[in-house]
Amino acid sequence: MNQPFTILRGVAAPLDRANVDTDAIIPARFMKTIKRSGLGAHLFDSWRYGVDGLAEPTFVLNQPAYRNTSILVANDNFGCGSSREHAVWALADFGIRCVIAPGFAEIFQNNAMKNGLLPVVLQKADVRHLLDSIGSSPGVEITVDLPGQCVKHAGARYEFDIDHTRKDRLVRGVDDIGMTLLQEDAIRLHEIRQRRFMPWLFNDI
């Protein structure tokens, strides 16, 4: 199960780069776990830290105004490269629940939806306006309204599309396993019937 996503108001950080690939989001050397936790410390590791291991002060997420970032605004083709699900886990573990961009790599977008992270696609001009606006006001908060399918900031409203089924799952906080568990009673009843009418299926071999 994921945390339900309804209306998110939080600090938005501008990552004014296109083609941010999954190796930049979480380098392969940190993919030694199948747990969703602990990867946030290495999010954008090659950009956040210098060769001496110290935080790079010019990188946006290292700046004090963006330490509590929950919304990332980036440029086109975010999440390209390999299909690693760890990229979404790293973003979520850092505290980011929504990424706004003109476009996403398809596999990253699917992984995000399955893990409760909302990828919002806006027009390039709208993303440009957001990047300029939040970049000139460090630490500013914006609102992402999933039920209303819009992003709100400084009196402006940017609407976005999302598949109805995916939206419903995000709002309810239900992942693929959760959807199956919602049918638990029906599955149990089916198994009882199967045992009654085809008992040989359950014999030990």
# chains A, B, ... in the order shown; residues from 1 in each chain; ligands from 1
call {"tool": "residues_around", "arguments": {"residues": "Lys167 (chain A)", "least_positions_apart": "2", "cutoff": "9 Å", "atoms": "only C-alpha atoms", "output": "PyMOL selection string"}}
result
chain A and resi 5+113+146-147+162-165+169-172
call {"tool": "residues_around", "arguments": {"residues": "Val20 (chain A)", "least_positions_apart": "2", "cutoff": "12 Å", "atoms": "only C-alpha atoms", "output": "MDAnalysis selection string"}}
result
chainID A and resid 15:18 22:26 44 47 73:82 87 99 101 103:105 108
call {"tool": "closest_residue", "arguments": {"among": "A:Leu130, A:Asp161, A:Ile96, A:Ala112", "to": "Asp145 (chain A)", "atoms": "only C-alpha atoms"}}
result
A:Asp161
call {"tool": "select_by_dssp", "arguments": {"residues": "region 11-204 of chain A", "states": "alpha helix (DSSP H)", "output": "PyMOL selection string"}}
result
chain A and resi 22-25+45-48+86-94+106-114+124-135+164-172+176-181+184-197
call {"tool": "select_by_dssp", "arguments": {"residues": "region 53-194 of chain A", "states": "strand (DSSP E or B)", "output": "number ranges by chain"}}
result
A: 55, 69-74, 78, 80, 98-101, 104, 118-121, 141-145, 150-153, 156-159
call {"tool": "residues_around", "arguments": {"residues": "region 60-63 of chain A", "least_positions_apart": "2", "cutoff": "10 Å", "atoms": "only C-alpha atoms", "output": "list in words"}}
result
Ala13, Pro14, Leu15, Asp16, Leu43, Phe44, Trp47, Arg48, Tyr49, Ala55, Glu56, Pro57, Thr58, Ala65, Tyr66, Arg67, Asn68, Thr69, Leu72, Gly135, Pro138 and Gly139 of chain A
call {"tool": "write_last_selection", "arguments": {"atoms": "C-alpha atoms", "output": "mmCIF file, in the first residue's frame"}}
result
data_model
loop_
_atom_site.group_PDB
_atom_site.id
_atom_site.type_symbol
_atom_site.label_atom_id
_atom_site.label_comp_id
_atom_site.auth_asym_id
_atom_site.auth_seq_id
_atom_site.Cartn_x
_atom_site.Cartn_y
_atom_site.Cartn_z
ATOM 1 C CA ALA A 13 12.557 22.827 -6.155
ATOM 2 C CA PRO A 14 13.612 23.804 -9.693
ATOM 3 C CA LEU A 15 15.817 21.246 -11.434
ATOM 4 C CA ASP A 16 16.207 23.053 -14.731
ATOM 5 C CA LEU A 43 19.514 10.719 -4.506
ATOM 6 C CA PHE A 44 21.381 12.631 -7.266
ATOM 7 C CA TRP A 47 25.418 16.062 -8.371
ATOM 8 C CA ARG A 48 24.885 16.505 -4.628
ATOM 9 C CA TYR A 49 28.391 15.577 -3.524
ATOM 10 C CA ALA A 55 27.825 18.481 -0.219
ATOM 11 C CA GLU A 56 27.966 20.596 -3.353
ATOM 12 C CA PRO A 57 26.473 23.946 -2.242
ATOM 13 C CA THR A 58 25.314 24.959 -5.710
ATOM 14 C CA ALA A 65 15.484 26.710 1.164
ATOM 15 C CA TYR A 66 14.923 23.328 -0.492
ATOM 16 C CA ARG A 67 15.745 20.905 2.330
ATOM 17 C CA ASN A 68 12.057 20.073 2.776
ATOM 18 C CA THR A 69 11.296 19.754 -0.905
ATOM 19 C CA LEU A 72 10.450 18.676 -8.065
ATOM 20 C CA GLY A 135 13.630 29.813 -8.997
ATOM 21 C CA PRO A 138 13.514 29.975 -3.112
ATOM 22 C CA GLY A 139 11.474 27.850 -0.731
#
call {"tool": "atom_distance", "arguments": {"atom1": "CA of Gln123 (chain A)", "atom2": "CA of Glu159 (chain A)"}}
result
9.4 Å
call {"tool": "closest_residue", "arguments": {"among": "A:Thr143, A:Leu201, A:Ile34, A:Lys152", "to": "Cys98 (chain A)", "atoms": "only C-alpha atoms"}}
result
A:Thr143
call {"tool": "closest_residue", "arguments": {"among": "A:Glu106, A:Arg84, A:Asp52, A:Met179", "to": "Thr33 (chain A)", "atoms": "only C-alpha atoms"}}
result
A:Arg84
